[in-house]
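Peer 1: File follows, start_33.cif with mmCIF, C-alpha atoms and all ligand atoms:
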data_model
#
loop_
_atom_site.label_atom_id
_atom_site.label_comp_id
_atom_site.auth_asym_id
_atom_site.auth_seq_id
_atom_site.Cartn_x
_atom_site.Cartn_y
_atom_site.Cartn_z
CA MET A 1 -22.12 -3.68 -13.36
CA LEU A 2 -19.12 -4.82 -15.35
CA THR A 3 -18.79 -7.56 -17.91
CA GLN A 4 -16.81 -10.60 -16.91
CA GLU A 5 -14.03 -9.43 -19.21
CA GLN A 6 -13.93 -5.94 -17.64
CA ASN A 7 -13.86 -7.44 -14.15
CA GLU A 8 -10.93 -9.66 -15.10
CA ARG A 9 -9.01 -6.81 -16.75
CA LEU A 10 -9.34 -4.70 -13.61
CA THR A 11 -8.47 -7.36 -11.08
CA ARG A 12 -5.93 -9.83 -12.52
CA VAL A 13 -2.35 -8.86 -11.73
CA GLY A 14 -0.24 -11.78 -12.97
CA PRO A 15 2.54 -11.38 -15.56
CA GLY A 16 1.24 -10.51 -19.02
CA THR A 17 -2.18 -9.27 -17.89
CA PRO A 18 -3.06 -5.63 -18.67
CA MET A 19 -3.37 -4.74 -14.96
CA GLY A 20 -0.24 -6.74 -14.13
CA GLU A 21 1.65 -4.74 -16.76
CA LEU A 22 0.33 -1.45 -15.35
CA MET A 23 1.26 -2.51 -11.79
CA ARG A 24 4.76 -3.40 -12.94
CA ARG A 25 5.39 0.30 -13.68
CA TYR A 26 5.36 1.17 -9.97
CA TRP A 27 7.57 0.58 -6.93
CA HIS A 28 5.84 -1.70 -4.43
CA PRO A 29 6.49 -1.88 -0.67
CA ILE A 30 7.00 -5.60 -0.13
CA SER A 31 8.45 -5.77 3.37
CA ALA A 32 9.46 -3.79 6.39
CA SER A 33 13.24 -3.29 6.49
CA ALA A 34 13.07 -4.54 10.10
CA ASP A 35 12.06 -8.01 8.84
CA LEU A 36 15.50 -8.50 7.26
CA SER A 37 17.70 -8.65 10.32
CA GLU A 38 20.76 -10.68 11.32
CA GLU A 39 18.41 -13.27 12.84
CA THR A 40 16.12 -13.36 9.79
CA PRO A 41 18.22 -12.38 6.75
CA THR A 42 15.88 -13.99 4.19
CA LYS A 43 12.16 -13.82 3.58
CA GLU A 44 9.85 -15.54 1.10
CA VAL A 45 7.60 -12.97 -0.56
CA ARG A 46 5.00 -13.04 -3.29
CA LEU A 47 4.20 -10.01 -5.43
CA LEU A 48 2.02 -9.64 -8.55
CA GLY A 49 1.64 -13.41 -8.78
CA GLU A 50 5.38 -14.18 -8.56
CA ASP A 51 7.13 -16.04 -5.75
CA LEU A 52 10.43 -14.44 -4.80
CA VAL A 53 13.09 -14.45 -2.10
CA LEU A 54 14.18 -11.26 -0.41
CA PHE A 55 17.53 -11.25 1.40
CA ARG A 56 19.97 -8.92 3.08
CA ASN A 57 23.65 -9.76 2.62
CA THR A 58 26.08 -9.29 5.49
CA SER A 59 27.13 -5.91 4.05
CA GLY A 60 23.55 -4.69 4.50
CA LYS A 61 22.50 -4.73 0.83
CA VAL A 62 19.05 -6.11 -0.02
CA GLY A 63 18.31 -8.34 -3.02
CA LEU A 64 15.13 -9.80 -4.53
CA ILE A 65 15.58 -12.92 -6.66
CA GLU A 66 13.61 -15.86 -7.97
CA PRO A 67 13.26 -18.45 -5.22
CA SER A 68 14.96 -21.52 -6.70
CA CYS A 69 18.69 -22.01 -7.11
CA ALA A 70 19.62 -22.57 -10.76
CA HIS A 71 21.57 -25.73 -9.92
CA ARG A 72 19.16 -28.22 -8.30
CA LYS A 73 16.36 -25.79 -7.42
CA ALA A 74 16.85 -25.58 -3.65
CA ASN A 75 14.89 -22.70 -2.16
CA LEU A 76 17.18 -19.76 -1.50
CA SER A 77 15.22 -18.56 1.52
CA TYR A 78 17.36 -21.22 3.25
CA GLY A 79 20.49 -19.57 1.86
CA ILE A 80 23.36 -18.20 3.92
CA PRO A 81 24.00 -14.46 3.65
CA GLU A 82 27.59 -13.52 2.71
CA PRO A 83 29.25 -10.10 2.27
CA ASN A 84 28.38 -9.99 -1.45
CA GLY A 85 25.33 -12.22 -1.84
CA ILE A 86 23.42 -15.30 -0.75
CA ARG A 87 24.91 -18.80 -0.77
CA CYS A 88 22.68 -21.77 -1.55
CA ALA A 89 22.32 -24.21 1.36
CA TYR A 90 22.69 -27.29 -0.86
CA HIS A 91 26.02 -27.02 -2.77
CA GLY A 92 27.10 -23.49 -1.99
CA TRP A 93 26.55 -21.60 -5.23
CA LEU A 94 26.69 -17.88 -4.45
CA TYR A 95 24.43 -15.24 -6.07
CA ASP A 96 24.68 -11.46 -5.87
CA GLU A 97 21.68 -9.11 -5.68
CA THR A 98 21.44 -8.92 -9.48
CA GLY A 99 20.88 -12.70 -9.53
CA GLN A 100 24.31 -13.33 -11.08
CA CYS A 101 26.00 -16.52 -9.91
CA ILE A 102 29.44 -15.43 -8.68
CA GLU A 103 30.78 -18.67 -7.14
CA GLN A 104 30.36 -22.39 -7.80
CA PRO A 105 32.75 -23.80 -5.23
CA SER A 106 32.90 -27.43 -6.42
CA GLU A 107 33.19 -26.76 -10.15
CA PRO A 108 36.72 -27.16 -11.61
CA GLU A 109 39.23 -24.39 -10.90
CA GLY A 110 39.05 -21.74 -13.64
CA SER A 111 35.60 -22.84 -14.89
CA ARG A 112 33.58 -19.99 -16.44
CA PHE A 113 30.29 -21.86 -16.10
CA LYS A 114 29.06 -19.44 -13.41
CA GLU A 115 29.12 -16.55 -15.88
CA LYS A 116 26.29 -18.24 -17.78
CA VAL A 117 24.11 -18.69 -14.68
CA LYS A 118 21.84 -15.81 -13.72
CA LEU A 119 18.61 -15.85 -11.73
CA LYS A 120 15.76 -13.46 -12.33
CA ALA A 121 16.20 -10.49 -9.99
CA TYR A 122 14.37 -7.23 -9.42
CA PRO A 123 15.73 -3.90 -8.16
CA VAL A 124 14.94 -2.98 -4.57
CA GLN A 125 15.36 0.20 -2.54
CA GLU A 126 14.82 0.95 1.13
CA LEU A 127 13.08 4.12 2.21
CA GLY A 128 11.54 5.11 5.54
CA GLY A 129 11.80 1.59 6.97
CA LEU A 130 10.20 -0.13 3.96
CA VAL A 131 11.71 -2.25 1.19
CA PHE A 132 10.33 -1.31 -2.24
CA ALA A 133 10.62 -3.48 -5.37
CA TYR A 134 10.27 -2.62 -9.04
CA MET A 135 9.31 -5.42 -11.45
CA GLY A 136 8.84 -3.46 -14.67
CA PRO A 137 10.85 -2.53 -17.74
CA GLU A 138 13.67 0.00 -17.96
CA PRO A 139 14.11 2.94 -17.72
CA ILE A 140 13.34 2.42 -14.05
CA PRO A 141 11.31 5.33 -12.62
CA LEU A 142 12.29 7.05 -9.39
CA LEU A 143 10.97 5.67 -6.13
CA PRO A 144 8.59 8.47 -5.07
CA ARG A 145 9.76 10.17 -1.89
CA TRP A 146 6.39 10.77 -0.22
CA ASP A 147 6.55 13.17 2.72
CA ALA A 148 5.91 10.82 5.65
CA LEU A 149 8.53 8.39 4.32
CA VAL A 150 11.27 11.03 4.34
CA TRP A 151 10.43 13.57 7.07
CA GLU A 152 13.16 13.54 9.67
CA ASN A 153 11.48 14.59 12.90
CA VAL A 154 8.71 11.97 13.18
CA THR A 155 8.07 8.63 14.92
CA ARG A 156 7.28 5.84 12.48
CA SER A 157 5.62 2.45 12.75
CA ILE A 158 4.47 -0.25 10.32
CA THR A 159 1.63 -2.75 10.65
CA SER A 160 0.72 -5.36 8.07
CA VAL A 161 -2.15 -7.76 7.55
CA GLN A 162 -2.40 -10.51 4.92
CA LEU A 163 -5.84 -10.49 3.31
CA PRO A 164 -7.42 -13.36 1.32
CA CYS A 165 -9.01 -11.09 -1.29
CA ASN A 166 -8.23 -9.20 -4.46
CA TRP A 167 -6.49 -5.81 -4.22
CA LEU A 168 -9.25 -3.90 -6.04
CA GLN A 169 -11.82 -4.63 -3.33
CA CYS A 170 -9.45 -2.97 -0.88
CA GLN A 171 -8.69 0.05 -3.03
CA GLU A 172 -12.25 0.76 -4.21
CA ASN A 173 -13.11 1.31 -0.54
CA SER A 174 -11.01 4.47 -0.63
CA LEU A 175 -13.21 5.91 -3.37
CA ASP A 176 -16.30 5.24 -1.26
CA PRO A 177 -16.50 7.93 1.45
CA VAL A 178 -20.02 6.97 2.55
CA HIS A 179 -18.95 3.66 4.09
CA PHE A 180 -17.46 5.70 6.94
CA GLN A 181 -20.93 6.60 8.15
CA TRP A 182 -22.12 2.98 8.22
CA LEU A 183 -19.19 0.62 8.59
CA HIS A 184 -17.31 2.71 11.15
CA HIS A 185 -20.16 4.59 12.89
CA TYR A 186 -22.87 1.95 12.95
CA TYR A 187 -21.43 -1.53 12.46
CA GLY A 188 -18.37 -0.45 14.51
CA PRO A 189 -20.29 0.46 17.71
CA TYR A 190 -22.56 -2.54 17.14
CA THR A 191 -19.67 -5.00 17.16
CA MET A 192 -17.73 -3.17 19.88
CA SER A 193 -20.71 -3.19 22.23
CA ARG A 194 -21.05 -6.95 21.76
CA LYS A 195 -17.37 -7.74 22.15
CA LYS A 196 -16.20 -5.22 24.72
CA GLY A 197 -19.36 -4.53 26.65
CA LYS A 198 -21.44 -1.40 26.87
CA ASP A 199 -19.52 0.05 29.83
CA GLU A 200 -16.43 1.03 27.89
CA GLY A 201 -17.98 3.79 25.85
CA ASN A 202 -19.11 1.34 23.20
CA ALA A 203 -22.85 1.58 23.74
CA PHE A 204 -24.93 0.67 20.75
CA ASP A 205 -28.59 1.51 20.75
CA ARG A 206 -30.61 0.98 17.61
CA SER A 207 -33.24 3.47 18.75
CA THR A 208 -30.77 6.35 19.04
CA VAL A 209 -29.15 5.36 15.75
CA ASN A 210 -25.65 6.45 16.62
CA ARG A 211 -24.41 6.26 13.05
CA GLY A 212 -22.27 9.12 11.73
CA ARG A 213 -23.62 12.28 10.22
CA ALA A 214 -24.99 11.96 6.69
CA HIS A 215 -22.86 12.89 3.68
CA VAL A 216 -24.31 15.87 1.80
CA LYS A 217 -21.95 15.40 -1.11
CA VAL A 218 -18.75 13.67 -2.07
CA GLY A 219 -16.20 15.01 -4.54
CA PHE A 220 -13.15 13.74 -6.41
CA ASP A 221 -10.40 15.75 -8.14
CA MET A 222 -7.68 14.43 -10.45
CA THR A 223 -4.14 15.35 -9.44
CA SER A 224 -0.74 14.60 -10.95
CA TYR A 225 -0.38 11.53 -8.69
CA GLY A 226 -3.96 10.32 -8.23
CA ILE A 227 -7.26 11.57 -6.85
CA ILE A 228 -8.16 13.92 -4.00
CA LYS A 229 -11.22 12.75 -2.09
CA ARG A 230 -13.55 15.28 -0.45
CA ARG A 231 -16.64 14.91 1.70
CA LEU A 232 -19.20 17.40 3.01
CA LEU A 233 -21.20 16.21 6.01
CA GLU A 234 -24.47 17.54 7.37
CA GLY A 235 -23.86 20.70 9.40
CA GLU A 236 -20.54 21.51 7.68
CA THR A 237 -19.69 24.13 5.08
CA GLU A 238 -17.41 23.99 2.06
CA GLU A 239 -14.86 25.88 4.18
CA ASP A 240 -14.40 22.79 6.31
CA GLU A 241 -11.13 21.05 5.54
CA TRP A 242 -12.87 17.73 4.81
CA TRP A 243 -14.16 19.43 1.68
CA ARG A 244 -11.66 22.23 1.02
CA ILE A 245 -8.45 20.18 1.48
CA GLY A 246 -9.45 16.49 1.51
CA HIS A 247 -6.90 13.70 1.28
CA PRO A 248 -5.34 11.72 -1.57
CA ILE A 249 -5.66 8.34 -3.16
CA ILE A 250 -2.22 7.81 -4.65
CA PHE A 251 -2.43 5.89 -7.90
CA PRO A 252 -2.69 2.95 -8.20
CA TYR A 253 -3.41 1.59 -4.69
CA THR A 254 -2.37 3.78 -1.76
CA LEU A 255 -4.55 5.82 0.56
CA ARG A 256 -3.14 8.76 2.47
CA VAL A 257 -5.19 9.35 5.58
CA GLY A 258 -4.70 10.74 9.05
CA TRP A 259 -5.63 13.37 11.54
CA GLY A 260 -3.92 15.68 14.00
CA SER A 261 -0.28 14.71 14.33
CA THR A 262 -0.67 11.34 12.58
CA HIS A 263 0.10 10.99 8.87
CA SER A 264 -0.39 7.55 7.41
CA PHE A 265 -0.35 5.55 4.24
CA GLN A 266 -2.38 2.44 3.59
CA PHE A 267 -0.73 0.46 0.82
CA ARG A 268 -2.90 -2.33 -0.68
CA VAL A 269 -0.13 -4.39 -2.24
CA PRO A 270 -1.37 -6.98 -4.75
CA ILE A 271 0.21 -10.33 -3.87
CA ASP A 272 -1.79 -12.21 -6.51
CA ASP A 273 -5.36 -12.26 -7.82
CA THR A 274 -6.87 -13.34 -4.50
CA HIS A 275 -4.40 -12.04 -1.89
CA THR A 276 -3.41 -8.55 -0.80
CA MET A 277 -0.99 -7.28 1.81
CA HIS A 278 -2.48 -4.33 3.67
CA LEU A 279 0.48 -2.34 4.85
CA LEU A 280 -0.26 0.52 7.21
CA TYR A 281 2.51 3.06 7.62
CA GLN A 282 2.32 5.73 10.26
CA ALA A 283 4.44 8.81 10.98
CA VAL A 284 3.62 10.92 14.03
CA VAL A 285 4.77 14.54 14.17
CA PRO A 286 5.97 15.58 17.66
CA GLU A 287 4.52 18.51 19.58
CA PRO A 288 5.79 21.90 18.38
CA GLY A 289 9.37 22.47 19.55
CA GLU A 290 9.85 18.81 20.47
CA THR A 291 12.11 16.24 18.84
CA ALA A 292 10.94 12.73 18.01
CA PRO A 293 13.06 10.00 19.68
CA HIS A 294 15.69 8.41 17.44
CA GLN A 295 14.66 5.10 15.82
CA ASP A 296 17.35 2.64 14.70
CA VAL A 297 14.74 0.63 12.86
CA VAL A 298 11.09 1.28 12.14
CA PRO A 299 9.15 -1.36 14.11
CA HIS A 300 6.89 -3.73 12.22
CA GLU A 301 3.98 -5.69 13.66
CA GLU A 302 1.92 -8.28 11.81
CA ARG A 303 -1.67 -7.95 12.92
CA PRO A 304 -3.78 -11.14 12.88
CA LEU A 305 -6.83 -11.01 10.62
CA TYR A 306 -8.90 -13.41 12.72
CA ASP A 307 -9.81 -13.41 16.42
CA GLU A 308 -9.67 -16.36 18.83
CA ASN A 309 -13.06 -17.55 17.55
CA GLY A 310 -11.92 -17.67 13.96
CA ARG A 311 -14.00 -14.59 13.08
CA LEU A 312 -12.58 -11.50 11.41
CA ASN A 313 -11.17 -8.93 13.83
CA ASP A 314 -13.29 -5.78 13.73
CA THR A 315 -12.65 -3.70 16.83
CA ILE A 316 -10.45 -1.03 15.24
CA ILE A 317 -11.20 1.07 12.17
CA PRO A 318 -8.62 -0.43 9.74
CA ALA A 319 -9.78 -3.94 10.74
CA GLN A 320 -13.38 -2.96 9.97
CA ASP A 321 -12.26 -1.88 6.50
CA GLU A 322 -10.40 -5.16 6.03
CA LEU A 323 -13.50 -7.05 7.14
CA ALA A 324 -15.60 -5.24 4.52
CA TRP A 325 -13.11 -6.19 1.78
CA VAL A 326 -12.69 -9.82 2.80
CA ILE A 327 -16.43 -10.51 3.16
CA GLN A 328 -16.92 -9.62 -0.52
CA GLY A 329 -15.17 -12.94 -1.26
CA PRO A 330 -11.70 -13.68 -2.70
CA LEU A 331 -12.54 -12.10 -6.07
CA MET A 332 -15.70 -10.04 -6.06
CA ASP A 333 -18.25 -10.64 -8.80
CA ARG A 334 -18.75 -7.20 -10.34
CA THR A 335 -21.02 -8.57 -13.08
CA THR A 336 -24.01 -8.48 -10.74
CA GLU A 337 -23.19 -5.53 -8.44
CA ARG A 338 -25.60 -2.56 -8.38
CA LEU A 339 -23.85 0.80 -8.06
CA GLY A 340 -25.62 3.92 -6.76
CA VAL A 341 -24.96 7.67 -6.70
CA THR A 342 -22.59 7.13 -3.76
CA ASP A 343 -20.32 5.12 -6.05
CA GLN A 344 -19.30 7.98 -8.40
CA GLY A 345 -15.72 7.95 -7.18
CA LEU A 346 -15.41 4.25 -7.70
CA ILE A 347 -16.66 4.54 -11.28
CA MET A 348 -14.19 7.38 -11.92
CA TYR A 349 -11.38 5.24 -10.54
CA ARG A 350 -12.24 2.24 -12.72
CA ARG A 351 -12.20 4.50 -15.80
CA LEU A 352 -8.84 5.83 -14.71
CA LEU A 353 -7.46 2.30 -14.35
CA GLU A 354 -8.73 1.41 -17.85
CA GLU A 355 -7.19 4.59 -19.29
CA GLN A 356 -3.83 3.96 -17.62
CA MET A 357 -3.71 0.33 -18.78
CA GLN A 358 -4.09 1.73 -22.28
CA VAL A 359 -1.30 4.28 -21.72
CA VAL A 360 1.03 1.39 -20.81
CA ALA A 361 -0.15 -0.71 -23.78
CA ASP A 362 0.69 2.29 -26.02
CA GLY A 363 4.22 2.47 -24.57
CA GLY A 364 3.75 5.54 -22.35
CA ASP A 365 4.46 6.33 -18.71
CA PRO A 366 1.28 5.95 -16.61
CA LEU A 367 -0.01 8.44 -14.05
CA ASN A 368 2.23 8.95 -11.01
CA THR A 369 5.49 7.99 -12.74
CA HIS A 370 8.38 10.03 -11.36
CA ARG A 371 11.54 10.75 -13.35
CA ASP A 372 12.74 14.20 -12.23
CA PRO A 373 15.00 14.02 -9.14
CA ALA A 374 14.49 17.75 -8.46
CA GLN A 375 10.73 17.15 -8.05
CA ASN A 376 11.28 14.09 -5.89
CA GLN A 377 13.08 15.41 -2.82
CA CYS A 378 9.98 15.33 -0.62
CA ILE A 379 6.47 15.19 -2.13
CA VAL A 380 4.19 16.83 0.43
CA LEU A 381 0.58 15.60 0.37
CA PRO A 382 -2.62 17.25 1.58
CA GLN A 383 -4.32 15.86 4.67
CA GLU A 384 -7.18 17.71 6.33
CA TYR A 385 -7.06 18.93 9.95
CA SER A 386 -3.46 17.86 10.38
CA ARG A 387 -0.29 19.21 11.95
CA TYR A 388 2.81 19.04 9.75
CA PRO A 389 6.49 19.22 10.72
CA GLU A 390 7.44 22.84 11.35
CA GLU A 391 9.47 23.19 8.13
CA TYR A 392 6.36 22.04 6.19
CA GLY A 393 3.86 24.50 7.57
CA GLY A 394 3.58 23.35 11.18
CA GLU A 395 0.27 23.50 13.02
CA LYS A 396 -2.05 23.89 10.02
CA GLY A 397 0.13 22.53 7.26
CA PRO A 398 0.95 23.93 3.81
CA PHE A 399 -2.49 23.53 2.15
CA GLN A 400 -4.45 26.31 3.86
CA SER A 401 -4.61 28.38 0.66
CA GLU A 402 -6.86 25.72 -0.95
CA ARG A 403 -10.28 27.25 -1.69
CA PRO A 404 -13.60 25.42 -2.01
CA HIS A 405 -14.41 24.56 -5.63
CA GLU A 406 -16.53 22.20 -7.65
CA PRO A 407 -14.54 18.95 -7.98
CA ASP A 408 -14.07 17.03 -11.24
CA VAL A 409 -16.64 14.44 -10.13
CA VAL A 410 -19.36 15.16 -7.58
CA GLY A 411 -22.01 12.97 -6.01
CA VAL A 412 -24.83 15.02 -4.44
CA LEU A 413 -26.45 12.81 -1.85
CA VAL A 414 -28.79 15.04 0.21
S1 LIG B 1 20.90 -26.57 -5.46
FE1 LIG B 1 21.82 -24.70 -5.04
S2 LIG B 1 23.92 -25.08 -5.18
FE2 LIG B 1 23.01 -26.96 -5.67
FE FE B 2 -12.95 2.86 6.24
#
I need this file expressed as structure tokens, please.
Peer 2:
Amino acid sequence: MLTQEQNERLTRVGPGTPMGELMRRYWHPISASADLSEETPTKEVRLLGEDLVLFRNTSGKVGLIEPSCAHRKANLSYGIPEPNGIRCAYHGWLYDETGQCIEQPSEPEGSRFKEKVKLKAYPVQELGGLVFAYMGPEPIPLLPRWDALVWENVTRSITSVQLPCNWLQCQENSLDPVHFQWLHHYYGPYTMSRKKGKDEGNAFDRSTVNRGRAHVKVGFDMTSYGIIKRRLLEGETEEDEWWRIGHPIIFPYTLRVGWGSTHSFQFRVPIDDTHTMHLLYQAVVPEPGETAPHQDVVPHEERPLYDENGRLNDTIIPAQDELAWVIQGPLMDRTTERLGVTDQGLIMYRRLLEEQMQVVADGGDPLNTHRDPAQNQCIVLPQEYSRYPEEYGGEKGPFQSERPHEPDVVGVLV
């Protein structure tokens, strides 16, 4: 259980809050690049409690600025893209991607008024089909070049879902390996058998209890960029990759997960205190010796949260996770929760968040800040039972030398 004050410190992300200040030290994926096209050159976005307008000028450059024109406050998502900025729909003032007003067409010839007009703007960068924004102080850290964002020979796709709940509910799920056994192997078949019928391999029978195998223990290791999560299931040994290699939780809110040829990220982007964008990014490695087809743009699909009956979608695994987060309410009350042995990872993660908020308050760089370009060419991440591109280890990947060991935090469950 947390105090009300602790719960607020960990969840509130608006400007000036301790968590908001920590979050502002990271690059956030706020949109798919595909969303900013010739047909849709502007987009209203909200990030860390701030409303903003994202735009692509006709030269291809992306900008992120405050939404209202400085003149008479017209919303710039209705602006017209130009080669060097966005022109307000109302009286034609033109702003570049730094927010500087560079034209005021109806002001007197030679007027220097525009030099004094500047909108708030944040730096953006595109990588792997995503637009990332940085809202923190200078010096601006490097945008981390995670492997699946930069690998060349892969097929990528992006899916996003808007969730009416706080980001921490989403992220704590990744420190909670045991939910897999219940949410995905018991509730999942239960709901699938009701919605899709028992004939499609979705049979649910309470008497056979087709839940997943029990977790014997769960383990969590600190790394330079976050936490590695490990699980040991009944019937497995510590040589199994679920335990020996595991997969990462990238600080502060990204899960790396996948299997076989699929490498994916799940970004839980805090929109504000009660809304999160769940952005699922997938890169699929082709069969050995094959080349992935060329992609001009990485496709983006927005997945609806609710079904035709107004109930939460729950027939695929990520939607079951989203259901579990949303049904905790918009902002979960952690002052009355009751944590068990299975929740060791979650407790570790909350301590880490507290510690990193303090690092920022003391003027330091928090965990997973990148400043060395030589170390940021391609950051390859562990993912159990996965095939990597051939230049990164191929069929079994580059992490096979990992040996079983006692993690930093262990929960022994059986
Ligand atoms: S309101 Fe934007 S130019 Fe007048
Ligand atoms: Fe899950």
Peer 1: Find the distance between CA of Gly258 in chain A and CA of Glu308 in chain A and write it in Å to one decimal.
Peer 2: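 Atom-to-atom, CA of Gly258 in chain A to CA of Glu308 in chain A, that is 29.2 Å.
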Peer 1: Show me which residues are within 8 Å of ligand FE 2 (chain B) counting all atoms listed in the file, and format the list as a list in words.
Peer 2: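 Counting only what the definition allows, namely all atoms listed in the file, the set is Asn173, Ser174, Pro177, His179, Phe180, Leu183, His184, Ile317, Pro318, Gln320 and Asp321 of chain A.
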Peer 1: Have a look at CA of Trp243 in chain A and CA of Phe220 in chain A and let me know their distance in Å, one decimal.
Peer 2: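 Calculated distance between CA of Trp243 in chain A and CA of Phe220 in chain A is 9.9 Å.
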Peer 1: Please write out the residues within 9 Å of ligand LIG 1 (chain B) as a list in words, counting only C-alpha atoms and all ligand atoms.
Peer 2: Ser68, Cys69, Ala70, His71, Arg72, Lys73, Ala74, Asn75, Leu76, Gly79, Arg87, Cys88, Ala89, Tyr90, His91, Gly92, Trp93, Leu94, Gln104 and Pro105 of chain A
Peer 1: Just want the 8 Å neighbourhood of range 106-119 of chain A, counted on all atoms listed in the file, with same-chain residues fewer than 3 positions away dropped. Output as a PyMOL selection string.
Peer 2: chain A and resi 65-66+69-70+91+98-103
Peer 1: Which is closest to Glu287 in chain A among A:Ala374, A:Val154, A:Leu163, A:Val13, if we use all atoms listed in the file?
Peer 2: A:Val154
Peer 1: If you take every atom of range 81-95 of chain A that the file lists and fit an axis-aligned box around them with 8 Å extra on each side, what centre and edge lengths come out in Å to one decimal, as JSON?
Peer 2:
{"center_x": 25.8, "center_y": -18.6, "center_z": -1.2, "size_x": 22.9, "size_y": 33.3, "size_z": 25.7}
Peer 1: Name all residues at most 12 Å from Val412 in chain A (count all atoms listed in the file; drop same-chain ones fewer than 3 positions away) and give them as a list in words.
Peer 2: Val178, Ala214, His215, Val216, Lys217, Val218, Gly219, Phe220, Arg230, Arg231, Leu232, Leu233, Gly340, Val341, Thr342, Asp343, Gln344, Gly345, Glu406, Pro407 and Val409 of chain A
Peer 1: Could you write those residues out with C-alpha atoms, as a tab-separated table (two decimals), in the frame of the given file?
Peer 2:
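And here's again38.tsv as it stands now:
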chain	number	residue	atom	x	y	z
A	178	VAL	CA	-20.02	6.97	2.55
A	214	ALA	CA	-24.99	11.96	6.69
A	215	HIS	CA	-22.86	12.89	3.68
A	216	VAL	CA	-24.31	15.87	1.80
A	217	LYS	CA	-21.95	15.40	-1.11
A	218	VAL	CA	-18.75	13.67	-2.07
A	219	GLY	CA	-16.20	15.01	-4.54
A	220	PHE	CA	-13.15	13.74	-6.41
A	230	ARG	CA	-13.55	15.28	-0.45
A	231	ARG	CA	-16.64	14.91	1.70
A	232	LEU	CA	-19.20	17.40	3.01
A	233	LEU	CA	-21.20	16.21	6.01
A	340	GLY	CA	-25.62	3.92	-6.76
A	341	VAL	CA	-24.96	7.67	-6.70
A	342	THR	CA	-22.59	7.13	-3.76
A	343	ASP	CA	-20.32	5.12	-6.05
A	344	GLN	CA	-19.30	7.98	-8.40
A	345	GLY	CA	-15.72	7.95	-7.18
A	406	GLU	CA	-16.53	22.20	-7.65
A	407	PRO	CA	-14.54	18.95	-7.98
A	409	VAL	CA	-16.64	14.44	-10.13
Peer 1: Can you tell me which residues surround His275 in chain A at a distance of at most 8 Å, considering only C-alpha atoms, apart from same-chain residues fewer than 5 positions away, and format the answer as an MDAnalysis selection string?
Peer 2: chainID A and resid 162:167 270 330
Peer 1: So the first atom is CA of Glu152 in chain A and the second is CA of Ala292 in chain A; what is the distance between them in Å, to one decimal place?
Peer 2: 8.7 Å
Peer 1: Residues proximal to (-6.9, 11.6, -3.9) were defined as those with any atom within 10 Å of that point in the file's coordinates, counting all atoms listed in the file. Which are they, as a VMD selection string?
Peer 2: chain A and resid 174 to 175 219 to 230 246 to 251 254 to 257 381 to 383
Peer 1: Of the residues A:Gly364, A:Pro398, A:Pro29, A:Pro252, which is the one nearest to Leu127 in chain A, using all atoms listed in the file?
Peer 2: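 For Leu127 in chain A, the nearest of the candidates is A:Pro29.
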Peer 1: So which one's closest to Thr155 in chain A, A:Glu354, A:Asp408, A:Glu402, A:Asp296? Using only C-alpha atoms, please.
Peer 2: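 Checking each of A:Glu354, A:Asp408, A:Glu402, A:Asp296 against Thr155 in chain A, counting only C-alpha atoms, the winner is A:Asp296.
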Peer 1: Applying 8 Å and only C-alpha atoms, which residues near range 311-316 of chain A remain after dropping the ones on its own chain fewer than 6 positions away? List them as a ChimeraX atom specification.
Peer 2: /A:188,191-192,304-305,323
Peer 1: Smallest atom-to-atom distance to Trp182 in chain A: which of A:Asn153, A:Glu138, A:Gln6, A:Gly212, using only C-alpha atoms?
Peer 2: A:Gly212
Peer 1: Counting all atoms listed in the file, figure out which residue out of A:Asp96, A:Asp35, A:Asp273, A:Glu355 gets nearest to Leu130 in chain A.
Peer 2: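 Distance minimum relative to Leu130 in chain A lands on A:Asp35.
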Peer 1: When you look at Gln4 in chain A with a cut-off of 10 Å (counting all atoms listed in the file), what residues show up, excluding the ones that are within fewer than 6 positions of it in the same chain? I need them as a list in words.
Peer 2: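 Here the answer would be Asp333, Arg334, Thr335 and Thr336 of chain A.
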Peer 1: Name the closest residue to Arg387 in chain A among the candidates A:Phe55, A:Trp325, A:Tyr190, A:Phe399; distances are taken between atoms, counting only C-alpha atoms.
Peer 2: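 Of the candidates, the smallest distance to Arg387 in chain A is held by A:Phe399.
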